[in-house]
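Structure, as structure tokens:
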Amino acid sequence: MLKPVISSAPTTEHGDTVPRAVWSLRFQLLIGVNATMVILLALALIADYRRELDHHLRHEKAALLAEAESIAAALNALDQIDRRAIQRLLDSVQAGIDSVGPSHHRLQVEWNDESIESRGTGRRPEENSEFQQLLATKPADCAAVTWETTTFAAAMCSNQGISVYVAEPIELIRREIGYETLERLGVLVLAGLLAMGIVDFILYRALVNPMEQLSRTVESIGAGHLGTQVARYRTAELDILGRAINTMSTRLASHDKEVQQQMSKARRLQQHLLPPWPAIPGMTVERRFLPATEVTGDYHVALPLRNGEWIFCIADVTGHGIPAAMTAAMLKVLFHQAAEQTNDPQKILVALNENFGAVVMPGDFATMLVVHWQPLEHQIRYANGGHEPGLLLRHDGTLVQLESDGLMVGAISTATWQLHTCPIEKGDRLFMYTDGAVEAFNVQRELFGKKRLLEAFLESRTVPPKEAVAQIIHRLDEFRGDRPFSDDVSLLMLEFGDA
């Protein structure tokens with residue numbers, strides 16, 4: 001069966017080039033085997049046609065020579081030889097031939113420098129010149145000879161001054177051979193079709209069907225069904241390939257099991273690094289993790305201070321997966337160390353940044369938004385290290401976007417950040433997130449974007465934070481459909497109450 005993939009310059013979603021044309025093994029085998037058999041059959045028919053034509057020509061020329069010798073003998077046996085007697089004999093022989101049906105048979109006698117030709121039916125006018133050209137090519141000084149041109153096969157016999165020429169158009173011989181060849185062709189085609197059917201069936205059973213089974217097994221393994229096995233095959237090469245696939249599948253399943261165990265341990269370790277938040281007086285909090293993989297490179301924390309104030313932090317390490325999770329773990333340690341020294345968000349970022357580059361791989365960075373809540377002063381202080389800006393929704397519906405004017409943590413060891421202050425009232429709601437939320441894609445490769453996220457945040461303002469975050473996640477899931485998140489997503493919503 002034909003399975004083409006044709007394109008001028010196609011690429012996959014990951015940028016891999018797709019072959020210009022891919023044909024199934026079944027199609028290639030059937031075309032290769034059947035085309036070969038058809039070509040061999042055609043060559044055999046051509047060779048058979050040529051052989052039969054040569055055989056018939058030899059036979060025909062021998063018959064023509066015997067006819068010429070018989071006519072020459074009959075003429076020599078006449079009591080009196082004259083033009084009329086020769087004409088009567090030739091016409092008699094021609095009439096016998098024409099009695100079977102109109103023919104193109106030619107008889108001619110040369111006697112006493114005269115040329116006498118039989119009178120027959122069914123001759124084409126152009127044959128006269130062709131016959132004369134034939135006579136012009138006769139071999140010289142021969143008593144009995146046969147020869148041929150492209151149009152005639154001929155024989156000549158000379159006896160006692162009488163030369164008899166007999167000729168037959170080769171086209172008639174070709175036509176006769178053609179009919180016989182067509183009859184044989186019909187038989188050979190039926191036999192060839194039967195043979196091709198048998199060969200195709202054997203190829204399908206012995207090669208194509210097992211290869212399709214192996215292909216489906218490999219696709220199943222590639223789809224995540226590790227450990228899938230194929231049956232044994234009677235063909236040695238296929239059996240070797242099948243056992244290799246089985247071994248690969250078993251090893252992949254074992255390796256995947258080990259990886260899952262390691263990922264489970266890493267997940268538990270990360271959960272240990274991100275313990276449940278304590279109840280915060282005067283505030284309602286809702287937070288959600290949506291990791292792109294088993295573990296996440298996002299980090300957020302709430303640290304209580306002795307004077308009843310709180311420090312909140314949301315951070316996003318570049319990349320995702322285990323490397324990002326390890327970097328996030330080191331970021332947590334450095335953040336706690338810095339927060340123990342000061343409650344100033346700007347100074348926390350400076351202290352953390354001085355040590356961050358020394359403990360992570362070159363090229364690893366982190367974005368971080370640090371917020372210091374001062375309930376008695378009814379305000380927050382914040383500093384942003386290259387993170388997505390926080391969204392502050394006032395109780396009266398006014399939206400304030402917290403400024404984002406600093407470099408990422410780890411970019412420059414001597415970097416500094418600005419400290420900002422913003423008043424807070426009861427009912428105000430602060431929403432912080434990582435960029436995985438705005439960088440979610442749908443099946444059309446469209447970004448969710450900041451505009452849609454802002455709309456979802458504003459639409460959820462009338463419900464408690466827990467339901468609001470659930471609504472935002474629902475909007476994200478509806479948008480992306482079956483596509484997974486391309487990056488980790490963290491959502492943090494704080495609603496301020498009575499101090």
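Following the order of the structure tokens, first chain is A, next is B, and so on, with residues numbered from 1 inside each chain and ligands from 1 in the order they appear.
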Closest pair table for range 333-418 of chain A residues within 8 Å of range 433-444 of chain A, only C-alpha atoms, as JSON lines:
{"residue": "A:His387", "atom": "CA", "partner": "A:Thr434", "partner_atom": "CA", "distance": 7.5}
{"residue": "A:Glu388", "atom": "CA", "partner": "A:Thr434", "partner_atom": "CA", "distance": 6.5}
{"residue": "A:Gly390", "atom": "CA", "partner": "A:Tyr433", "partner_atom": "CA", "distance": 7.4}
For the selection just defined, write its residues with N, CA and C atoms to a file, as an mmCIF file, in the first residue's frame.
data_model
loop_
_atom_site.group_PDB
_atom_site.id
_atom_site.type_symbol
_atom_site.label_atom_id
_atom_site.label_comp_id
_atom_site.auth_asym_id
_atom_site.auth_seq_id
_atom_site.Cartn_x
_atom_site.Cartn_y
_atom_site.Cartn_z
ATOM 1 N N HIS A 387 11.801 39.763 37.061
ATOM 2 C CA HIS A 387 10.648 38.865 37.090
ATOM 3 C C HIS A 387 9.436 39.539 36.446
ATOM 4 N N GLU A 388 8.406 38.704 36.161
ATOM 5 C CA GLU A 388 7.142 39.255 35.670
ATOM 6 C C GLU A 388 6.586 40.222 36.713
ATOM 7 N N GLY A 390 4.296 42.127 39.331
ATOM 8 C CA GLY A 390 3.132 41.755 40.121
ATOM 9 C C GLY A 390 1.941 42.629 39.761
#
| task | Give me the residues within 9 Å of Glu403 in chain A as a count of residues only, counting only C-alpha atoms and dropping any in the same chain fewer than 3 places off. | result | 5
| What separation in Å, quoted to one decimal, exists between CA of Pro169 in chain A and CA of Gln132 in chain A? | 12.9 Å
Show me a table, sorted first by chain and then by increasing residue number, of the residues of range 214-314 of chain A having an atom at most 8 Å from range 357-379 of chain A, each with its shortest atom pair and the distance in Å to one decimal, counting only C-alpha atoms and written as a tab-separated table.
residue	atom	partner	partner_atom	distance
A:Gly308	CA	A:Pro375	CA	7.7
A:Glu309	CA	A:Gln374	CA	5.2
A:Trp310	CA	A:Trp373	CA	5.2
A:Ile311	CA	A:His372	CA	4.5
A:Phe312	CA	A:Val371	CA	5.0
A:Cys313	CA	A:Val370	CA	4.5
A:Ile314	CA	A:Leu369	CA	5.5
Restricting it to C-alpha atoms, dump the selection as a PDB file, in the first residue's frame.
ATOM      1  CA  GLY A 308       4.600  40.459  62.618  1.00  0.00           C
ATOM      2  CA  GLU A 309       5.745  41.454  59.149  1.00  0.00           C
ATOM      3  CA  TRP A 310       6.206  39.014  56.273  1.00  0.00           C
ATOM      4  CA  ILE A 311       8.523  38.577  53.301  1.00  0.00           C
ATOM      5  CA  PHE A 312       7.113  36.932  50.180  1.00  0.00           C
ATOM      6  CA  CYS A 313       9.211  35.752  47.279  1.00  0.00           C
ATOM      7  CA  ILE A 314       8.429  34.198  43.896  1.00  0.00           C
TER       8      ILE A 314
END
| task | Enumerate, as a ChimeraX atom specification, the complete set of residues in range 131-350 of chain A that a backbone-based DSSP assignment places in strand (DSSP E or B). | result | /A:144-148,152-159,162-169,283-290,298-304,310-317
| query | Among range 326-498 of chain A, which ones does DSSP place in alpha helix (DSSP H), written as an MDAnalysis selection string? | reply | chainID A and resid 326:341 345:359 449:459 465:480
| request: Tell me which protein, DNA and RNA residues are within 12 Å of Val350 in chain A, counting only C-alpha atoms, leaving out same-chain ones fewer than 2 positions away, and put them as number ranges by chain. | output: A: 334-335, 338-339, 341-342, 344-348, 352-357, 368, 370, 383-385, 406-419
| Contacts of His56 in chain A within 12 Å, only C-alpha atoms, excl. fewer than 2 positions in-chain, as an MDAnalysis selection string | chainID A and resid 49:54 58:64 153 170:178 180
| request: Record the distance separating CA of Asp98 in chain A and CA of Leu78 in chain A, expressed in Å with one decimal. | output: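 One can read the CA of Asp98 in chain A to CA of Leu78 in chain A distance as 23.5 Å.
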| query | What separation in Å, quoted to one decimal, exists between CA of Ala279 in chain A and CA of Ala328 in chain A? | reply | 23.9 Å
| query | Out of A:Asp298, A:Asp498, A:Glu237, A:Glu219, which residue has the shortest atom-to-atom distance to Lys332 in chain A when counting only C-alpha atoms? | reply |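 Ranked by minimum distance to Lys332 in chain A, first place goes to A:Asp298.
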